[in-house]
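Contents: one structure, followed by commentary.
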Amino acid sequence: MSDQDAARGGSAGPRGAYAIERSRIDDWVSTVLALGEVIAPMAGHGGDVLYAPVETPDQVLWEFDNSLHPPKEVLLPQTDPLFEIRGERSGWQVAAVRPREPRILLNARSCDASGIRFLRGVHEEDLRDSAYLRRDADLTVVSLSCPQPCSQGFCICCDAGPFLDDGFDVQLTDLGEVLLAEVGSAKGEALVRTSDGLFRPASEQELSRRRMLEAVAIDSFGESTCHFGSAMRRISTGRVVEALWDTMSDWCFECGACTLVCPTCYCFSIKDRQSGGGWQRCRMWDSCQYGAFTLEASGHNPRPHRKDRVKRRFYHKVSAQYYLRDGTVGCVGCGRCVTVCLGTTDMPAVVTAIRKGVWNG
Amino acid sequence: MSPELARARTQRGATRVTLTSANPYQPAPARIMRISEEVADTRLFDLRFEAPDLAERFQYNPGQFIQLSILGVGEAPFSLPSSPTRRGAFQLCIRRAGTFTNYLFDHVREGDLVGVRGPLGNGFPVDQFAGHDLLLVAGGLGMVPLRGLLQYLIDLRHRFGRVMLVYGSRTPDQVLFRSELTSMSRRGDAEITLTVDATAGQPWDGKVGVVTQLVDNLHVDVPKTFAVACGPPVFYQFLLERLVAAGFGKDRIFLSLERRMECGVGKCGHCAVGYTFTCLHGPVFSYWDAINLPELIYT
C-alpha cells in the first residue's frame, strides 16, 4: 500500500488482482453476457451515454463521460413493482412480480459503484428491505476506475473515487494494453473465474502502475473541491444562519432534478397501478424537494416552505447524525447535481457557502 | 465499517417489530367484520386477519399503527385504537380526509377483504408506565391512539395507578367513543374530563374551553405521573410548556405524532424528522426527544 493509500484510510485491499489483455476483453464480455443480463454504458440516441442492457460486446463503452442518469435505476427503477395483486376485492392473492435472475452492471464509474454500496446500507439498516436486497444480491457490480477526473466530479471528497478500495465486486482499471481486474467479493471472483484462460494473476508492475495512475488522478483534482467538514459541523448543530438558507433556497426551482439524478437518493412513494387483470403495488421515485412530499391528509405540512426542504436535503446528506447512521456522507461526488441544477443549489455550492458563510450563487 | 460506527448503529435502538410478512411491503389479507359510524365522517372498523394463525398471533403495543391497503387504490397509515389485550381482532378509527379514505367510505363494505401490514412504529412505553399514574391528554382525532392505550390501561388496571383522561373536541357531536368513555368514568376505571371548544347549540354536560386549560385544574401527583398527549400541532404548542410548568420532566411527557408515511419501515423518507423516522423511531416520542428534533412539533 502506498503512503497515499494509507493517508486516505485505504483498506487491506481487494481479494486478488488479475489482468486481461485488451484484445480479449470482448471475449470476456461475451462470457459475461451468457451469465445473465448485462447493463453497461452505451451510446443512446443523440449520443448521450446511458446505462442499458447490452446484447453484444461492441455496444459497451470503455471510455466515456459519465451518464447523466446514474445506474441506480438498475436496482431502483423509477416505477418498481413490489408485488402483484390478483383476484377480486372479496378474495385476492399476492404474487411476486419478477423472478430472481443474475445481472451484471458493467463499467459503473467509481462514484456510481459507491452509490450502490450506499443504497445497500440504507436498505439493510433497521428493518431490512428484502425486496431491494434480493435484487442487490443478484447484481454483480463491475466498476471502472477513473484515471481522469470528470469536470464536475468531487468523488475524492466523499471517499467514492476516483479509485475504490472496496464496495465493488470487480474493479477494472485501464492500463493501456491490459486491463487490471481487482476482485472485491466472492461474486466478483466468480465472474473472473468463469472466464477460463482470459485472466491471469496481475504482475507487480501492473499493480504498481495502477497505484501510480491513482496517485496522478488524485493529484489532478486540485484544491477547488467540496470540503464537507465545516458544513457538516454547522449543519449538524444547527449553526447555519437562517438568512443563508433563505438565500440559497431562492436559487432552488423545486424541480427535484438533483434528487432524481443523485446516486444516493432513494425516497419513494407507494402507489397501485393497473396491470393486466390485476394490480401492481409499485414504489415510485419521489423527491423531498417537492412541496407535497410531507403534506398530510389533514392539510398540515411540516415543511411548508422551500427553504425547509432545501435544509432537509442537506441535513440528510451532510449531517453528522446521518454520517453516523450511514458511515459516509450521502454524496458520492459525481457532480450530477451541479450539471442538472437550474439554479445553483448543488452540493459543492451549498457546502462552500456554508463553510464560507457567503453565498455566491 | 468501523467498530465504532457499527456500535453507534446498533445503539440507536430502532424498533424491532415482527411484521405480518417477510417482505415488509406485503400486506396480509384482513376481513372487515363491522363498520360503525362513530361521529360524522368518522368510522370505526373492526378487522380480523383472514389467516386464523395470524389473527391470533398479531400482537402490538398501544400507540403502534398499521398500513391499510385497498387493492388498486393504495394504502395509508392508521393508528390502532384498540388494545392488544383484546386478541383475535383489532379496530381502526378513520376520518374521511382524502382520496384513500373517500374510497374507503364510499366503496368498502362489511365483509370486504382489505390488506394490512404491521404493526409499525414503537408504541407507548407501557412497561415504563407500570406502577405510575397516567395523565392522557387528547385533542380531536388524537383520541384514536390514546383510546388504545386507555383500553390497555383499563384491561390491566392493577398494574397502574390513577388513570386520567382530558379530551377536547370542537363540538359535542365530534366527541369520539363518547358512550364508552362515559361508562368507563361511571365505573370509576378512569377519571375522564371531556371538553368542547363550543357547544354549537347542542346538548352538553361537560366542560367548555380548550383542553390545555383543564390540565391546570387536575390535582396531579406530578412526580408519580407520566403525561401522554396526542393532538394537532397547535395543541402541542400550548400543552407541552404548560405540562413542563406544572413540573413534568420532559422525559416523562410522551407524544404521538403524525407525519405523512408511505413505507412505514424507515425507507421512503416521507416521515423523516431530523435523523429519525416517525414510522420507525416514533410515532411516540418523549418531549425530550422532540425538542431536540426541531421540525418535530412546530414548523
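All residue names refer to the C-alpha cells as shown: chains lettered A, B, ... in order, residues numbered from 1 in each chain, ligands numbered from 1 in order.
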Please list as a ChimeraX atom specification every residue within 8 Å of Gln152 of chain A, counting only C-alpha atoms and excluding residues in the same chain fewer than 6 positions away. /A:334-336,338-339
When DSSP is applied to the backbone of this structure, which of segment 26-173 of chain B are assigned strand (DSSP E)? Write them out as a PDB file with N, CA, C and O atoms, in the first residue's frame.
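Contents of result_14.pdb, as written:
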ATOM      1  N   ALA B  28     -51.089  -8.435   4.553  1.00  0.00           N
ATOM      2  CA  ALA B  28     -51.787  -9.715   4.741  1.00  0.00           C
ATOM      3  C   ALA B  28     -53.280  -9.440   4.645  1.00  0.00           C
ATOM      4  O   ALA B  28     -53.764  -8.390   5.088  1.00  0.00           O
ATOM      5  N   PRO B  29     -54.040 -10.364   4.066  1.00  0.00           N
ATOM      6  CA  PRO B  29     -55.477 -10.134   3.918  1.00  0.00           C
ATOM      7  C   PRO B  29     -56.181 -10.069   5.274  1.00  0.00           C
ATOM      8  O   PRO B  29     -55.923 -10.891   6.157  1.00  0.00           O
ATOM      9  N   ALA B  30     -57.034  -9.083   5.421  1.00  0.00           N
ATOM     10  CA  ALA B  30     -57.827  -8.953   6.653  1.00  0.00           C
ATOM     11  C   ALA B  30     -59.256  -8.624   6.260  1.00  0.00           C
ATOM     12  O   ALA B  30     -59.499  -7.896   5.291  1.00  0.00           O
ATOM     13  N   ARG B  31     -60.195  -9.178   6.982  1.00  0.00           N
ATOM     14  CA  ARG B  31     -61.606  -9.026   6.655  1.00  0.00           C
ATOM     15  C   ARG B  31     -62.212  -7.922   7.525  1.00  0.00           C
ATOM     16  O   ARG B  31     -61.918  -7.850   8.727  1.00  0.00           O
ATOM     17  N   ILE B  32     -63.034  -7.097   6.909  1.00  0.00           N
ATOM     18  CA  ILE B  32     -63.753  -6.072   7.685  1.00  0.00           C
ATOM     19  C   ILE B  32     -64.996  -6.725   8.275  1.00  0.00           C
ATOM     20  O   ILE B  32     -65.904  -7.132   7.560  1.00  0.00           O
ATOM     21  N   MET B  33     -65.017  -6.837   9.590  1.00  0.00           N
ATOM     22  CA  MET B  33     -66.114  -7.548  10.254  1.00  0.00           C
ATOM     23  C   MET B  33     -67.303  -6.616  10.486  1.00  0.00           C
ATOM     24  O   MET B  33     -68.453  -7.028  10.421  1.00  0.00           O
ATOM     25  N   ARG B  34     -67.002  -5.376  10.810  1.00  0.00           N
ATOM     26  CA  ARG B  34     -68.092  -4.472  11.180  1.00  0.00           C
ATOM     27  C   ARG B  34     -67.648  -3.038  10.916  1.00  0.00           C
ATOM     28  O   ARG B  34     -66.465  -2.704  11.093  1.00  0.00           O
ATOM     29  N   ILE B  35     -68.584  -2.228  10.488  1.00  0.00           N
ATOM     30  CA  ILE B  35     -68.299  -0.804  10.318  1.00  0.00           C
ATOM     31  C   ILE B  35     -69.356  -0.040  11.093  1.00  0.00           C
ATOM     32  O   ILE B  35     -70.553  -0.293  10.938  1.00  0.00           O
ATOM     33  N   SER B  36     -68.940   0.859  11.958  1.00  0.00           N
ATOM     34  CA  SER B  36     -69.938   1.667  12.656  1.00  0.00           C
ATOM     35  C   SER B  36     -69.553   3.135  12.576  1.00  0.00           C
ATOM     36  O   SER B  36     -68.376   3.494  12.564  1.00  0.00           O
ATOM     37  N   GLU B  37     -70.579   3.962  12.479  1.00  0.00           N
ATOM     38  CA  GLU B  37     -70.372   5.402  12.373  1.00  0.00           C
ATOM     39  C   GLU B  37     -70.090   5.934  13.773  1.00  0.00           C
ATOM     40  O   GLU B  37     -70.969   5.894  14.634  1.00  0.00           O
ATOM     41  N   GLU B  38     -68.895   6.402  14.004  1.00  0.00           N
ATOM     42  CA  GLU B  38     -68.538   6.876  15.343  1.00  0.00           C
ATOM     43  C   GLU B  38     -69.084   8.291  15.540  1.00  0.00           C
ATOM     44  O   GLU B  38     -69.866   8.528  16.453  1.00  0.00           O
ATOM     45  N   VAL B  39     -68.625   9.204  14.696  1.00  0.00           N
ATOM     46  CA  VAL B  39     -69.258  10.527  14.614  1.00  0.00           C
ATOM     47  C   VAL B  39     -69.319  10.828  13.118  1.00  0.00           C
ATOM     48  O   VAL B  39     -68.874  10.003  12.320  1.00  0.00           O
ATOM     49  N   THR B  42     -66.522   9.931  10.525  1.00  0.00           N
ATOM     50  CA  THR B  42     -65.501   9.146  11.221  1.00  0.00           C
ATOM     51  C   THR B  42     -66.091   7.793  11.580  1.00  0.00           C
ATOM     52  O   THR B  42     -67.126   7.726  12.235  1.00  0.00           O
ATOM     53  N   ARG B  43     -65.434   6.735  11.099  1.00  0.00           N
ATOM     54  CA  ARG B  43     -65.999   5.403  11.300  1.00  0.00           C
ATOM     55  C   ARG B  43     -65.037   4.504  12.051  1.00  0.00           C
ATOM     56  O   ARG B  43     -63.820   4.662  11.967  1.00  0.00           O
ATOM     57  N   LEU B  44     -65.637   3.558  12.746  1.00  0.00           N
ATOM     58  CA  LEU B  44     -64.869   2.560  13.472  1.00  0.00           C
ATOM     59  C   LEU B  44     -64.985   1.248  12.709  1.00  0.00           C
ATOM     60  O   LEU B  44     -66.087   0.790  12.415  1.00  0.00           O
ATOM     61  N   PHE B  45     -63.843   0.687  12.348  1.00  0.00           N
ATOM     62  CA  PHE B  45     -63.811  -0.568  11.584  1.00  0.00           C
ATOM     63  C   PHE B  45     -63.272  -1.677  12.476  1.00  0.00           C
ATOM     64  O   PHE B  45     -62.229  -1.511  13.098  1.00  0.00           O
ATOM     65  N   ASP B  46     -63.995  -2.797  12.515  1.00  0.00           N
ATOM     66  CA  ASP B  46     -63.480  -3.988  13.202  1.00  0.00           C
ATOM     67  C   ASP B  46     -62.875  -4.909  12.160  1.00  0.00           C
ATOM     68  O   ASP B  46     -63.542  -5.246  11.184  1.00  0.00           O
ATOM     69  N   LEU B  47     -61.637  -5.308  12.349  1.00  0.00           N
ATOM     70  CA  LEU B  47     -60.973  -6.158  11.370  1.00  0.00           C
ATOM     71  C   LEU B  47     -60.425  -7.415  12.008  1.00  0.00           C
ATOM     72  O   LEU B  47     -60.127  -7.442  13.210  1.00  0.00           O
ATOM     73  N   ARG B  48     -60.271  -8.433  11.169  1.00  0.00           N
ATOM     74  CA  ARG B  48     -59.651  -9.666  11.618  1.00  0.00           C
ATOM     75  C   ARG B  48     -58.839 -10.230  10.458  1.00  0.00           C
ATOM     76  O   ARG B  48     -59.304 -10.241   9.316  1.00  0.00           O
ATOM     77  N   PHE B  49     -57.629 -10.670  10.749  1.00  0.00           N
ATOM     78  CA  PHE B  49     -56.817 -11.266   9.693  1.00  0.00           C
ATOM     79  C   PHE B  49     -57.487 -12.529   9.189  1.00  0.00           C
ATOM     80  O   PHE B  49     -58.052 -13.308   9.962  1.00  0.00           O
ATOM     81  N   PHE B  65     -49.072   1.537  14.803  1.00  0.00           N
ATOM     82  CA  PHE B  65     -50.040   1.764  13.731  1.00  0.00           C
ATOM     83  C   PHE B  65     -49.879   0.682  12.675  1.00  0.00           C
ATOM     84  O   PHE B  65     -48.962  -0.136  12.745  1.00  0.00           O
ATOM     85  N   ILE B  66     -50.775   0.682  11.717  1.00  0.00           N
ATOM     86  CA  ILE B  66     -50.693  -0.276  10.608  1.00  0.00           C
ATOM     87  C   ILE B  66     -50.841   0.488   9.296  1.00  0.00           C
ATOM     88  O   ILE B  66     -51.241   1.646   9.281  1.00  0.00           O
ATOM     89  N   GLN B  67     -50.480  -0.155   8.210  1.00  0.00           N
ATOM     90  CA  GLN B  67     -50.766   0.376   6.879  1.00  0.00           C
ATOM     91  C   GLN B  67     -51.943  -0.412   6.338  1.00  0.00           C
ATOM     92  O   GLN B  67     -51.889  -1.631   6.249  1.00  0.00           O
ATOM     93  N   LEU B  68     -52.992   0.310   5.993  1.00  0.00           N
ATOM     94  CA  LEU B  68     -54.199  -0.326   5.463  1.00  0.00           C
ATOM     95  C   LEU B  68     -54.190  -0.218   3.942  1.00  0.00           C
ATOM     96  O   LEU B  68     -53.985   0.865   3.400  1.00  0.00           O
ATOM     97  N   SER B  69     -54.391  -1.337   3.264  1.00  0.00           N
ATOM     98  CA  SER B  69     -54.400  -1.359   1.794  1.00  0.00           C
ATOM     99  C   SER B  69     -55.791  -1.597   1.272  1.00  0.00           C
ATOM    100  O   SER B  69     -56.497  -2.471   1.762  1.00  0.00           O
ATOM    101  N   ILE B  70     -56.148  -0.838   0.254  1.00  0.00           N
ATOM    102  CA  ILE B  70     -57.293  -1.216  -0.555  1.00  0.00           C
ATOM    103  C   ILE B  70     -56.688  -1.479  -1.920  1.00  0.00           C
ATOM    104  O   ILE B  70     -56.045  -0.593  -2.512  1.00  0.00           O
ATOM    105  N   GLY B  74     -54.506   1.886  -3.095  1.00  0.00           N
ATOM    106  CA  GLY B  74     -53.277   2.282  -2.425  1.00  0.00           C
ATOM    107  C   GLY B  74     -53.331   1.909  -0.965  1.00  0.00           C
ATOM    108  O   GLY B  74     -54.122   1.052  -0.560  1.00  0.00           O
ATOM    109  N   GLU B  75     -52.501   2.566  -0.193  1.00  0.00           N
ATOM    110  CA  GLU B  75     -52.520   2.288   1.237  1.00  0.00           C
ATOM    111  C   GLU B  75     -52.260   3.567   2.021  1.00  0.00           C
ATOM    112  O   GLU B  75     -51.752   4.538   1.490  1.00  0.00           O
ATOM    113  N   ALA B  76     -52.647   3.536   3.290  1.00  0.00           N
ATOM    114  CA  ALA B  76     -52.468   4.700   4.144  1.00  0.00           C
ATOM    115  C   ALA B  76     -52.293   4.206   5.578  1.00  0.00           C
ATOM    116  O   ALA B  76     -52.796   3.143   5.942  1.00  0.00           O
ATOM    117  N   PRO B  77     -51.545   4.974   6.382  1.00  0.00           N
ATOM    118  CA  PRO B  77     -51.295   4.554   7.758  1.00  0.00           C
ATOM    119  C   PRO B  77     -52.420   4.975   8.701  1.00  0.00           C
ATOM    120  O   PRO B  77     -52.973   6.062   8.558  1.00  0.00           O
ATOM    121  N   PHE B  78     -52.757   4.112   9.638  1.00  0.00           N
ATOM    122  CA  PHE B  78     -53.774   4.441  10.640  1.00  0.00           C
ATOM    123  C   PHE B  78     -53.355   3.913  11.996  1.00  0.00           C
ATOM    124  O   PHE B  78     -52.838   2.803  12.112  1.00  0.00           O
ATOM    125  N   SER B  79     -53.619   4.710  13.025  1.00  0.00           N
ATOM    126  CA  SER B  79     -53.369   4.296  14.404  1.00  0.00           C
ATOM    127  C   SER B  79     -54.299   3.169  14.787  1.00  0.00           C
ATOM    128  O   SER B  79     -55.404   3.068  14.265  1.00  0.00           O
ATOM    129  N   PHE B  90     -58.920  -6.501  15.696  1.00  0.00           N
ATOM    130  CA  PHE B  90     -58.424  -5.170  16.051  1.00  0.00           C
ATOM    131  C   PHE B  90     -59.306  -4.132  15.362  1.00  0.00           C
ATOM    132  O   PHE B  90     -60.123  -4.478  14.508  1.00  0.00           O
ATOM    133  N   GLN B  91     -59.139  -2.884  15.770  1.00  0.00           N
ATOM    134  CA  GLN B  91     -60.013  -1.843  15.237  1.00  0.00           C
ATOM    135  C   GLN B  91     -59.215  -0.730  14.579  1.00  0.00           C
ATOM    136  O   GLN B  91     -58.021  -0.549  14.868  1.00  0.00           O
ATOM    137  N   LEU B  92     -59.877   0.007  13.712  1.00  0.00           N
ATOM    138  CA  LEU B  92     -59.312   1.225  13.148  1.00  0.00           C
ATOM    139  C   LEU B  92     -60.385   2.297  13.234  1.00  0.00           C
ATOM    140  O   LEU B  92     -61.558   2.002  13.017  1.00  0.00           O
ATOM    141  N   CYS B  93     -59.977   3.498  13.581  1.00  0.00           N
ATOM    142  CA  CYS B  93     -60.931   4.603  13.633  1.00  0.00           C
ATOM    143  C   CYS B  93     -60.462   5.630  12.614  1.00  0.00           C
ATOM    144  O   CYS B  93     -59.372   6.179  12.738  1.00  0.00           O
ATOM    145  N   ILE B  94     -61.263   5.836  11.585  1.00  0.00           N
ATOM    146  CA  ILE B  94     -60.791   6.574  10.419  1.00  0.00           C
ATOM    147  C   ILE B  94     -61.733   7.720  10.082  1.00  0.00           C
ATOM    148  O   ILE B  94     -62.952   7.549  10.046  1.00  0.00           O
ATOM    149  N   ARG B  95     -61.137   8.879   9.825  1.00  0.00           N
ATOM    150  CA  ARG B  95     -61.934  10.031   9.377  1.00  0.00           C
ATOM    151  C   ARG B  95     -61.743  10.209   7.883  1.00  0.00           C
ATOM    152  O   ARG B  95     -60.653  10.028   7.348  1.00  0.00           O
ATOM    153  N   LEU B 113     -62.496  -7.662   1.844  1.00  0.00           N
ATOM    154  CA  LEU B 113     -61.148  -8.025   2.233  1.00  0.00           C
ATOM    155  C   LEU B 113     -60.224  -6.854   1.941  1.00  0.00           C
ATOM    156  O   LEU B 113     -60.197  -6.334   0.822  1.00  0.00           O
ATOM    157  N   VAL B 114     -59.498  -6.425   2.937  1.00  0.00           N
ATOM    158  CA  VAL B 114     -58.513  -5.366   2.730  1.00  0.00           C
ATOM    159  C   VAL B 114     -57.141  -5.949   3.082  1.00  0.00           C
ATOM    160  O   VAL B 114     -57.034  -7.096   3.501  1.00  0.00           O
ATOM    161  N   GLY B 115     -56.088  -5.152   2.892  1.00  0.00           N
ATOM    162  CA  GLY B 115     -54.744  -5.609   3.241  1.00  0.00           C
ATOM    163  C   GLY B 115     -54.240  -4.839   4.442  1.00  0.00           C
ATOM    164  O   GLY B 115     -54.527  -3.647   4.581  1.00  0.00           O
ATOM    165  N   VAL B 116     -53.525  -5.533   5.303  1.00  0.00           N
ATOM    166  CA  VAL B 116     -52.971  -4.860   6.484  1.00  0.00           C
ATOM    167  C   VAL B 116     -51.528  -5.299   6.644  1.00  0.00           C
ATOM    168  O   VAL B 116     -51.219  -6.482   6.535  1.00  0.00           O
ATOM    169  N   ARG B 117     -50.633  -4.340   6.848  1.00  0.00           N
ATOM    170  CA  ARG B 117     -49.281  -4.733   7.248  1.00  0.00           C
ATOM    171  C   ARG B 117     -48.876  -3.957   8.484  1.00  0.00           C
ATOM    172  O   ARG B 117     -49.203  -2.793   8.659  1.00  0.00           O
ATOM    173  N   GLY B 118     -48.192  -4.639   9.346  1.00  0.00           N
ATOM    174  CA  GLY B 118     -47.802  -4.036  10.607  1.00  0.00           C
ATOM    175  C   GLY B 118     -47.613  -5.110  11.648  1.00  0.00           C
ATOM    176  O   GLY B 118     -47.537  -6.282  11.306  1.00  0.00           O
ATOM    177  N   PRO B 119     -47.568  -4.765  12.911  1.00  0.00           N
ATOM    178  CA  PRO B 119     -47.666  -3.413  13.435  1.00  0.00           C
ATOM    179  C   PRO B 119     -46.388  -2.626  13.157  1.00  0.00           C
ATOM    180  O   PRO B 119     -45.314  -3.205  13.061  1.00  0.00           O
ATOM    181  N   LEU B 120     -46.529  -1.310  13.010  1.00  0.00           N
ATOM    182  CA  LEU B 120     -45.390  -0.462  12.686  1.00  0.00           C
ATOM    183  C   LEU B 120     -45.194   0.578  13.792  1.00  0.00           C
ATOM    184  O   LEU B 120     -46.124   0.907  14.529  1.00  0.00           O
ATOM    185  N   ASP B 133     -49.001   6.825  37.844  1.00  0.00           N
ATOM    186  CA  ASP B 133     -50.244   7.457  37.410  1.00  0.00           C
ATOM    187  C   ASP B 133     -50.069   7.888  35.958  1.00  0.00           C
ATOM    188  O   ASP B 133     -48.954   8.184  35.520  1.00  0.00           O
ATOM    189  N   LEU B 134     -51.190   7.934  35.242  1.00  0.00           N
ATOM    190  CA  LEU B 134     -51.129   8.323  33.834  1.00  0.00           C
ATOM    191  C   LEU B 134     -52.076   9.479  33.582  1.00  0.00           C
ATOM    192  O   LEU B 134     -53.247   9.426  33.968  1.00  0.00           O
ATOM    193  N   LEU B 135     -51.567  10.521  32.943  1.00  0.00           N
ATOM    194  CA  LEU B 135     -52.415  11.623  32.505  1.00  0.00           C
ATOM    195  C   LEU B 135     -52.438  11.617  30.988  1.00  0.00           C
ATOM    196  O   LEU B 135     -51.414  11.877  30.348  1.00  0.00           O
ATOM    197  N   LEU B 136     -53.580  11.282  30.412  1.00  0.00           N
ATOM    198  CA  LEU B 136     -53.725  11.255  28.959  1.00  0.00           C
ATOM    199  C   LEU B 136     -54.412  12.534  28.518  1.00  0.00           C
ATOM    200  O   LEU B 136     -55.452  12.899  29.080  1.00  0.00           O
ATOM    201  N   VAL B 137     -53.828  13.208  27.548  1.00  0.00           N
ATOM    202  CA  VAL B 137     -54.424  14.439  27.045  1.00  0.00           C
ATOM    203  C   VAL B 137     -54.626  14.288  25.545  1.00  0.00           C
ATOM    204  O   VAL B 137     -53.664  14.086  24.799  1.00  0.00           O
ATOM    205  N   ALA B 138     -55.873  14.354  25.106  1.00  0.00           N
ATOM    206  CA  ALA B 138     -56.170  14.146  23.690  1.00  0.00           C
ATOM    207  C   ALA B 138     -56.853  15.361  23.113  1.00  0.00           C
ATOM    208  O   ALA B 138     -57.679  16.001  23.760  1.00  0.00           O
ATOM    209  N   GLY B 139     -56.510  15.688  21.882  1.00  0.00           N
ATOM    210  CA  GLY B 139     -57.192  16.764  21.158  1.00  0.00           C
ATOM    211  C   GLY B 139     -57.708  16.213  19.842  1.00  0.00           C
ATOM    212  O   GLY B 139     -56.935  15.697  19.043  1.00  0.00           O
ATOM    213  N   VAL B 163     -55.633   6.736  36.468  1.00  0.00           N
ATOM    214  CA  VAL B 163     -55.676   6.951  35.022  1.00  0.00           C
ATOM    215  C   VAL B 163     -56.604   8.132  34.763  1.00  0.00           C
ATOM    216  O   VAL B 163     -57.787   8.081  35.100  1.00  0.00           O
ATOM    217  N   MET B 164     -56.010   9.196  34.217  1.00  0.00           N
ATOM    218  CA  MET B 164     -56.802  10.411  33.966  1.00  0.00           C
ATOM    219  C   MET B 164     -56.804  10.697  32.472  1.00  0.00           C
ATOM    220  O   MET B 164     -55.769  10.543  31.810  1.00  0.00           O
ATOM    221  N   LEU B 165     -57.946  11.087  31.959  1.00  0.00           N
ATOM    222  CA  LEU B 165     -58.021  11.471  30.553  1.00  0.00           C
ATOM    223  C   LEU B 165     -58.671  12.841  30.451  1.00  0.00           C
ATOM    224  O   LEU B 165     -59.745  13.069  31.006  1.00  0.00           O
ATOM    225  N   VAL B 166     -58.001  13.729  29.751  1.00  0.00           N
ATOM    226  CA  VAL B 166     -58.600  15.012  29.404  1.00  0.00           C
ATOM    227  C   VAL B 166     -58.700  15.028  27.891  1.00  0.00           C
ATOM    228  O   VAL B 166     -57.699  14.856  27.192  1.00  0.00           O
ATOM    229  N   TYR B 167     -59.916  15.189  27.387  1.00  0.00           N
ATOM    230  CA  TYR B 167     -60.119  15.033  25.953  1.00  0.00           C
ATOM    231  C   TYR B 167     -60.947  16.191  25.435  1.00  0.00           C
ATOM    232  O   TYR B 167     -62.069  16.417  25.858  1.00  0.00           O
ATOM    233  N   GLY B 168     -60.352  16.928  24.515  1.00  0.00           N
ATOM    234  CA  GLY B 168     -61.036  18.091  23.955  1.00  0.00           C
ATOM    235  C   GLY B 168     -61.469  17.864  22.519  1.00  0.00           C
ATOM    236  O   GLY B 168     -60.731  17.295  21.711  1.00  0.00           O
ATOM    237  N   SER B 169     -62.697  18.289  22.219  1.00  0.00           N
ATOM    238  CA  SER B 169     -63.212  18.193  20.848  1.00  0.00           C
ATOM    239  C   SER B 169     -63.717  19.567  20.442  1.00  0.00           C
ATOM    240  O   SER B 169     -63.884  20.450  21.272  1.00  0.00           O
TER     241      SER B 169
END
Can you check which residues of segment 5-192 of chain A DSSP gives as alpha helix (DSSP H) on the backbone and send them as a count of residues only? 44
In terms of only C-alpha atoms, the residue from B:Tyr60, B:Cys263, B:Phe226, B:Ala245 at minimal distance from Asn122 of chain B is B:Tyr60
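For the choices A:Cys265, A:Leu213, A:Leu324, A:Ile354, the atom-to-atom distance to His227 of chain A is smallest for A:Ile354 when using only C-alpha atoms.
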Do me a favour and pick out the residues of chain A within 8 Å of chain B, using only C-alpha atoms, as an NGL selection string. :A and (82-83 or 85 or 89-92 or 94 or 122-123 or 126-131 or 266-274 or 279-281 or 288 or 293-298 or 302-303 or 312 or 315-316 or 321-322 or 324-325 or 327)
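Residue nearest Gly142 of chain B within the list B:Ile154, B:Leu176, B:Ala198, B:Leu181: B:Leu176 [criterion: smallest interatomic distance, only C-alpha atoms].
The two atoms in question, atom CA of Arg178 of chain B and atom CA of Gly131 of chain B, are spaced 27.3 Å apart.
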Which residues are near Ala34 of chain A? Cut-off 12 Å, only C-alpha atoms, ignore same chain within fewer than 6 positions. Put them as an NGL selection string. :A and (27-28 or 54-57 or 102-104 or 191 or 194-195)
Just want the 9 Å neighbourhood of Phe118 of chain A, counted on only C-alpha atoms, with same-chain residues fewer than 3 positions away dropped. Output as a list in words. Ala113, Ser114, Gly115, Gly121, Val122, His123, Gly167, Pro263, Thr264, Asp326, Gly327, Thr328, Gly330, Cys331 and Val332 of chain A
